[in-house]
Amino acid sequence: MKALREAGFEEGVHFTAKRPEKVVKGERESVKQGYIRLKVPAGLWKLEELRRQGVKWAAKAVSRLEEIARARGFYDLVEKHLRPAREAETIDPRGMTAEDPERGVKAVIRDVKVMWEGGRPRIVVEYEVNRQTESFSFIWDVATGRKVIAGVNLNYEKAAILAALTGDELLKGKKGTVTLTARHLFAMARIKDVGWELLRWYAGGRPRGKTISTK
């Protein structure tokens with residue numbers, strides 16, 4: 001447990017543990033074995049984060065876990081849980097073009113960043129359209145049932161940009177307030193300088209605000 005804490009694992013967030021305890025039955029005394037269990041997905045994501053940072057024991061742990069999963073027939077489940085961390089921050093959207101030819105939209109994404117408000121991540125998107133620099137933002141929050149959502153007020157430009165950032169082509173052409181879900185968050189976790197912030201928030205308890213703020 002000490003080694004896990006030193007590596008940045010938090011008990012209750014990334015793992016659960018039970019200390020060994022003495023059990024007395026009559027005149028006999030024995031020790032009940034303790035355990036350490038990784039939480040899914042937070043513990044797996046932390047292992048993968050360390051592996052990508054070059055930590056050798058984390059790489060061995062992930063490799064061993066995959067080996068066991070293949071042998072026991074649940075590799076697809078492990079791979080599904082690991083995927084958001086493996087894809088985290090693999091895309092740099094700066095300079096990416098967002099287009100919606102049907103509606104005459106063409107914009108260039110200049111920056112995507114995270115700002116924090118009340119423990120919640122606000123995504124700020126800056127873009128250029130018709131030689132003008134514009135921006136919009138939205139906050140990820142938690143709804144009833146611990147569902148992760150974000151409300152964002154769209155026009156055709158913003159819809160095209162979000163479609164490019166999330167890979168969700170169905171967003172194109174949307175106007176008004178649209179609700180994004182966890183699958184959009186995982187897609188945005190691929191964005192450089194944004195991904196790990198979102199995944200850590202998602203895995204770390206997801207503090208909930210009073211309202212969902214949009215702009």
# chains A, B, ... in the order shown; residues from 1 in each chain; ligands from 1

call {"tool": "select_by_dssp", "arguments": {"residues": "chain A", "states": "strand (DSSP E or B)", "output": "ChimeraX atom specification"}}
result
/A:11,15-18,21-25,28-32,35-38,91,97-100,105-117,120-129,132-142,148-154,176-180,191,214

call {"tool": "write_last_selection", "arguments": {"atoms": "C-alpha atoms", "output": "compact mmCIF listing (two decimals), in the first residue's frame"}}
result
# COMPACT_ATOMS: atom_id res chain seq x y z
CA GLU A 11 -7.17 4.54 -1.49
CA PHE A 15 -7.87 0.82 -4.98
CA THR A 16 -9.49 -0.68 -1.90
CA ALA A 17 -7.62 -2.58 0.77
CA LYS A 18 -8.23 -4.71 3.84
CA GLU A 21 -6.35 -9.23 11.04
CA LYS A 22 -6.01 -11.70 13.86
CA VAL A 23 -8.86 -14.19 14.32
CA VAL A 24 -9.22 -16.06 17.62
CA LYS A 25 -11.27 -19.25 17.77
CA ARG A 28 -6.41 -21.00 18.37
CA GLU A 29 -5.21 -17.78 16.83
CA SER A 30 -4.84 -17.26 13.08
CA VAL A 31 -4.28 -14.38 10.73
CA LYS A 32 -6.96 -13.55 8.17
CA TYR A 35 -6.03 -7.81 0.13
CA ILE A 36 -5.54 -4.93 -2.26
CA ARG A 37 -7.97 -4.58 -5.16
CA LEU A 38 -7.70 -2.13 -8.04
CA ILE A 91 -4.60 14.15 -30.62
CA THR A 97 -10.36 22.26 -39.62
CA ALA A 98 -14.02 21.77 -38.75
CA GLU A 99 -16.36 21.79 -41.73
CA ASP A 100 -20.06 21.52 -42.45
CA VAL A 105 -19.33 26.34 -42.16
CA LYS A 106 -15.53 26.19 -42.14
CA ALA A 107 -13.63 26.95 -38.96
CA VAL A 108 -10.10 26.34 -37.68
CA ILE A 109 -9.63 25.20 -34.10
CA ARG A 110 -6.96 27.30 -32.38
CA ASP A 111 -6.97 25.89 -28.84
CA VAL A 112 -8.82 23.61 -26.43
CA LYS A 113 -8.11 23.87 -22.72
CA VAL A 114 -9.49 23.03 -19.28
CA MET A 115 -10.37 25.55 -16.59
CA TRP A 116 -11.77 24.59 -13.19
CA GLU A 117 -14.90 25.93 -11.50
CA ARG A 120 -15.73 20.80 -12.24
CA PRO A 121 -13.88 20.98 -15.58
CA ARG A 122 -14.88 23.74 -17.96
CA ILE A 123 -13.77 23.09 -21.54
CA VAL A 124 -12.85 26.26 -23.43
CA VAL A 125 -12.64 26.07 -27.23
CA GLU A 126 -11.08 28.87 -29.26
CA TYR A 127 -11.52 28.92 -33.03
CA GLU A 128 -11.23 31.14 -36.07
CA VAL A 129 -13.98 31.63 -38.62
CA GLN A 132 -12.49 36.34 -36.64
CA THR A 133 -11.42 34.65 -33.39
CA GLU A 134 -14.32 33.24 -31.40
CA SER A 135 -14.72 30.97 -28.38
CA PHE A 136 -17.26 29.00 -26.41
CA SER A 137 -17.17 26.87 -23.30
CA PHE A 138 -19.16 24.32 -21.32
CA ILE A 139 -18.86 22.56 -17.96
CA TRP A 140 -18.92 18.84 -17.30
CA ASP A 141 -21.18 17.96 -14.41
CA VAL A 142 -22.87 14.98 -12.77
CA VAL A 148 -21.70 12.54 -16.54
CA ILE A 149 -23.23 15.24 -18.74
CA ALA A 150 -22.50 18.67 -20.17
CA GLY A 151 -24.98 21.16 -21.58
CA VAL A 152 -23.72 23.31 -24.43
CA ASN A 153 -25.57 25.96 -26.44
CA LEU A 154 -24.82 25.38 -30.13
CA GLY A 176 -29.81 25.29 -29.18
CA THR A 177 -28.85 23.41 -26.03
CA VAL A 178 -27.47 19.92 -26.56
CA THR A 179 -26.50 17.45 -23.84
CA LEU A 180 -23.15 15.70 -24.14
CA ILE A 191 -7.17 15.88 -26.78
CA THR A 214 -23.20 26.91 -20.48

call {"tool": "atom_distance", "arguments": {"atom1": "CA of Glu10 (chain A)", "atom2": "CA of Ala61 (chain A)"}}
result
17.5 Å

call {"tool": "closest_residue", "arguments": {"among": "A:Glu102, A:Asp76, A:Arg52, A:Arg5", "to": "Thr90 (chain A)", "atoms": "only C-alpha atoms"}}
result
A:Arg52

call {"tool": "atom_distance", "arguments": {"atom1": "CA of Lys60 (chain A)", "atom2": "CA of Trp196 (chain A)"}}
result
21.5 Å

call {"tool": "residues_around", "arguments": {"residues": "region 40-49 of chain A", "least_positions_apart": "4", "cutoff": "12 Å", "atoms": "only C-alpha atoms", "output": "count of residues only"}}
result
52

call {"tool": "select_by_dssp", "arguments": {"residues": "region 2-68 of chain A", "states": "alpha helix (DSSP H)", "output": "JSON, numbers by chain"}}
result
{"A": [2, 3, 4, 5, 6, 42, 43, 44, 45, 46, 47, 48, 49, 50, 51, 52, 56, 57, 58, 59, 60, 61, 62, 63, 64, 65, 66, 67, 68]}

call {"tool": "atom_distance", "arguments": {"atom1": "CA of Glu157 (chain A)", "atom2": "CA of Phe186 (chain A)"}}
result
22.0 Å

call {"tool": "decode", "arguments": {"residues": "region 107-136 of chain A", "atoms": "N, CA, C and O atoms", "output": "PDB file, in the first residue's frame"}}
result
ATOM      1  N   ALA A 107     -14.307  26.282 -40.072  1.00  0.00           N
ATOM      2  CA  ALA A 107     -13.626  26.948 -38.960  1.00  0.00           C
ATOM      3  C   ALA A 107     -12.332  26.204 -38.652  1.00  0.00           C
ATOM      4  O   ALA A 107     -12.208  25.016 -38.920  1.00  0.00           O
ATOM      5  N   VAL A 108     -11.377  26.926 -38.080  1.00  0.00           N
ATOM      6  CA  VAL A 108     -10.101  26.338 -37.680  1.00  0.00           C
ATOM      7  C   VAL A 108      -9.988  26.405 -36.167  1.00  0.00           C
ATOM      8  O   VAL A 108     -10.130  27.476 -35.565  1.00  0.00           O
ATOM      9  N   ILE A 109      -9.765  25.264 -35.558  1.00  0.00           N
ATOM     10  CA  ILE A 109      -9.630  25.204 -34.102  1.00  0.00           C
ATOM     11  C   ILE A 109      -8.255  25.726 -33.702  1.00  0.00           C
ATOM     12  O   ILE A 109      -7.239  25.265 -34.211  1.00  0.00           O
ATOM     13  N   ARG A 110      -8.222  26.698 -32.813  1.00  0.00           N
ATOM     14  CA  ARG A 110      -6.960  27.299 -32.378  1.00  0.00           C
ATOM     15  C   ARG A 110      -6.478  26.740 -31.049  1.00  0.00           C
ATOM     16  O   ARG A 110      -5.274  26.613 -30.825  1.00  0.00           O
ATOM     17  N   ASP A 111      -7.401  26.414 -30.145  1.00  0.00           N
ATOM     18  CA  ASP A 111      -6.972  25.886 -28.845  1.00  0.00           C
ATOM     19  C   ASP A 111      -8.149  25.227 -28.135  1.00  0.00           C
ATOM     20  O   ASP A 111      -9.309  25.616 -28.332  1.00  0.00           O
ATOM     21  N   VAL A 112      -7.835  24.233 -27.310  1.00  0.00           N
ATOM     22  CA  VAL A 112      -8.815  23.605 -26.430  1.00  0.00           C
ATOM     23  C   VAL A 112      -8.124  23.444 -25.080  1.00  0.00           C
ATOM     24  O   VAL A 112      -7.028  22.892 -25.004  1.00  0.00           O
ATOM     25  N   LYS A 113      -8.748  23.946 -24.031  1.00  0.00           N
ATOM     26  CA  LYS A 113      -8.111  23.870 -22.716  1.00  0.00           C
ATOM     27  C   LYS A 113      -9.150  23.623 -21.626  1.00  0.00           C
ATOM     28  O   LYS A 113     -10.351  23.746 -21.852  1.00  0.00           O
ATOM     29  N   VAL A 114      -8.635  23.286 -20.439  1.00  0.00           N
ATOM     30  CA  VAL A 114      -9.488  23.026 -19.283  1.00  0.00           C
ATOM     31  C   VAL A 114      -9.288  24.127 -18.251  1.00  0.00           C
ATOM     32  O   VAL A 114      -8.154  24.484 -17.926  1.00  0.00           O
ATOM     33  N   MET A 115     -10.397  24.644 -17.730  1.00  0.00           N
ATOM     34  CA  MET A 115     -10.368  25.553 -16.587  1.00  0.00           C
ATOM     35  C   MET A 115     -11.273  24.933 -15.527  1.00  0.00           C
ATOM     36  O   MET A 115     -12.184  24.166 -15.859  1.00  0.00           O
ATOM     37  N   TRP A 116     -11.015  25.242 -14.269  1.00  0.00           N
ATOM     38  CA  TRP A 116     -11.765  24.588 -13.191  1.00  0.00           C
ATOM     39  C   TRP A 116     -12.670  25.574 -12.466  1.00  0.00           C
ATOM     40  O   TRP A 116     -12.267  26.690 -12.156  1.00  0.00           O
ATOM     41  N   GLU A 117     -13.907  25.129 -12.227  1.00  0.00           N
ATOM     42  CA  GLU A 117     -14.895  25.929 -11.504  1.00  0.00           C
ATOM     43  C   GLU A 117     -15.620  25.029 -10.511  1.00  0.00           C
ATOM     44  O   GLU A 117     -16.322  24.101 -10.916  1.00  0.00           O
ATOM     45  N   GLY A 118     -15.399  25.283  -9.225  1.00  0.00           N
ATOM     46  CA  GLY A 118     -16.082  24.491  -8.210  1.00  0.00           C
ATOM     47  C   GLY A 118     -15.790  23.008  -8.306  1.00  0.00           C
ATOM     48  O   GLY A 118     -16.673  22.191  -8.018  1.00  0.00           O
ATOM     49  N   GLY A 119     -14.577  22.673  -8.699  1.00  0.00           N
ATOM     50  CA  GLY A 119     -14.207  21.268  -8.801  1.00  0.00           C
ATOM     51  C   GLY A 119     -14.672  20.589 -10.070  1.00  0.00           C
ATOM     52  O   GLY A 119     -14.495  19.380 -10.230  1.00  0.00           O
ATOM     53  N   ARG A 120     -15.246  21.376 -10.981  1.00  0.00           N
ATOM     54  CA  ARG A 120     -15.727  20.803 -12.241  1.00  0.00           C
ATOM     55  C   ARG A 120     -14.907  21.343 -13.410  1.00  0.00           C
ATOM     56  O   ARG A 120     -14.509  22.510 -13.411  1.00  0.00           O
ATOM     57  N   PRO A 121     -14.674  20.526 -14.433  1.00  0.00           N
ATOM     58  CA  PRO A 121     -13.877  20.979 -15.575  1.00  0.00           C
ATOM     59  C   PRO A 121     -14.705  21.743 -16.603  1.00  0.00           C
ATOM     60  O   PRO A 121     -15.711  21.254 -17.109  1.00  0.00           O
ATOM     61  N   ARG A 122     -14.280  22.964 -16.871  1.00  0.00           N
ATOM     62  CA  ARG A 122     -14.882  23.741 -17.962  1.00  0.00           C
ATOM     63  C   ARG A 122     -13.968  23.621 -19.179  1.00  0.00           C
ATOM     64  O   ARG A 122     -12.780  23.948 -19.113  1.00  0.00           O
ATOM     65  N   ILE A 123     -14.516  23.183 -20.290  1.00  0.00           N
ATOM     66  CA  ILE A 123     -13.771  23.088 -21.544  1.00  0.00           C
ATOM     67  C   ILE A 123     -13.945  24.397 -22.311  1.00  0.00           C
ATOM     68  O   ILE A 123     -15.077  24.832 -22.559  1.00  0.00           O
ATOM     69  N   VAL A 124     -12.836  25.012 -22.666  1.00  0.00           N
ATOM     70  CA  VAL A 124     -12.853  26.262 -23.431  1.00  0.00           C
ATOM     71  C   VAL A 124     -12.277  25.986 -24.819  1.00  0.00           C
ATOM     72  O   VAL A 124     -11.161  25.473 -24.940  1.00  0.00           O
ATOM     73  N   VAL A 125     -13.051  26.307 -25.839  1.00  0.00           N
ATOM     74  CA  VAL A 125     -12.636  26.074 -27.226  1.00  0.00           C
ATOM     75  C   VAL A 125     -12.488  27.415 -27.933  1.00  0.00           C
ATOM     76  O   VAL A 125     -13.427  28.207 -27.963  1.00  0.00           O
ATOM     77  N   GLU A 126     -11.317  27.660 -28.481  1.00  0.00           N
ATOM     78  CA  GLU A 126     -11.077  28.870 -29.265  1.00  0.00           C
ATOM     79  C   GLU A 126     -10.927  28.478 -30.732  1.00  0.00           C
ATOM     80  O   GLU A 126     -10.264  27.489 -31.047  1.00  0.00           O
ATOM     81  N   TYR A 127     -11.558  29.258 -31.607  1.00  0.00           N
ATOM     82  CA  TYR A 127     -11.520  28.918 -33.029  1.00  0.00           C
ATOM     83  C   TYR A 127     -11.554  30.193 -33.878  1.00  0.00           C
ATOM     84  O   TYR A 127     -11.879  31.274 -33.392  1.00  0.00           O
ATOM     85  N   GLU A 128     -11.228  30.017 -35.127  1.00  0.00           N
ATOM     86  CA  GLU A 128     -11.225  31.140 -36.069  1.00  0.00           C
ATOM     87  C   GLU A 128     -12.187  30.825 -37.206  1.00  0.00           C
ATOM     88  O   GLU A 128     -12.150  29.733 -37.780  1.00  0.00           O
ATOM     89  N   VAL A 129     -13.043  31.780 -37.518  1.00  0.00           N
ATOM     90  CA  VAL A 129     -13.976  31.631 -38.619  1.00  0.00           C
ATOM     91  C   VAL A 129     -14.124  32.995 -39.296  1.00  0.00           C
ATOM     92  O   VAL A 129     -14.268  34.015 -38.618  1.00  0.00           O
ATOM     93  N   ASN A 130     -14.021  33.007 -40.617  1.00  0.00           N
ATOM     94  CA  ASN A 130     -14.099  34.256 -41.380  1.00  0.00           C
ATOM     95  C   ASN A 130     -13.122  35.306 -40.848  1.00  0.00           C
ATOM     96  O   ASN A 130     -13.449  36.484 -40.714  1.00  0.00           O
ATOM     97  N   ARG A 131     -11.926  34.831 -40.501  1.00  0.00           N
ATOM     98  CA  ARG A 131     -10.834  35.685 -40.002  1.00  0.00           C
ATOM     99  C   ARG A 131     -11.135  36.339 -38.659  1.00  0.00           C
ATOM    100  O   ARG A 131     -10.458  37.271 -38.240  1.00  0.00           O
ATOM    101  N   GLN A 132     -12.151  35.849 -37.974  1.00  0.00           N
ATOM    102  CA  GLN A 132     -12.492  36.341 -36.640  1.00  0.00           C
ATOM    103  C   GLN A 132     -12.227  35.244 -35.606  1.00  0.00           C
ATOM    104  O   GLN A 132     -12.535  34.078 -35.842  1.00  0.00           O
ATOM    105  N   THR A 133     -11.663  35.617 -34.468  1.00  0.00           N
ATOM    106  CA  THR A 133     -11.417  34.652 -33.393  1.00  0.00           C
ATOM    107  C   THR A 133     -12.619  34.624 -32.463  1.00  0.00           C
ATOM    108  O   THR A 133     -13.078  35.667 -31.980  1.00  0.00           O
ATOM    109  N   GLU A 134     -13.147  33.431 -32.241  1.00  0.00           N
ATOM    110  CA  GLU A 134     -14.318  33.240 -31.397  1.00  0.00           C
ATOM    111  C   GLU A 134     -14.005  32.170 -30.353  1.00  0.00           C
ATOM    112  O   GLU A 134     -12.990  31.464 -30.448  1.00  0.00           O
ATOM    113  N   SER A 135     -14.891  32.026 -29.372  1.00  0.00           N
ATOM    114  CA  SER A 135     -14.715  30.967 -28.382  1.00  0.00           C
ATOM    115  C   SER A 135     -16.061  30.594 -27.771  1.00  0.00           C
ATOM    116  O   SER A 135     -17.029  31.358 -27.840  1.00  0.00           O
ATOM    117  N   PHE A 136     -16.105  29.422 -27.201  1.00  0.00           N
ATOM    118  CA  PHE A 136     -17.259  29.003 -26.410  1.00  0.00           C
ATOM    119  C   PHE A 136     -16.766  28.014 -25.372  1.00  0.00           C
ATOM    120  O   PHE A 136     -15.643  27.506 -25.443  1.00  0.00           O
TER     121      PHE A 136
END
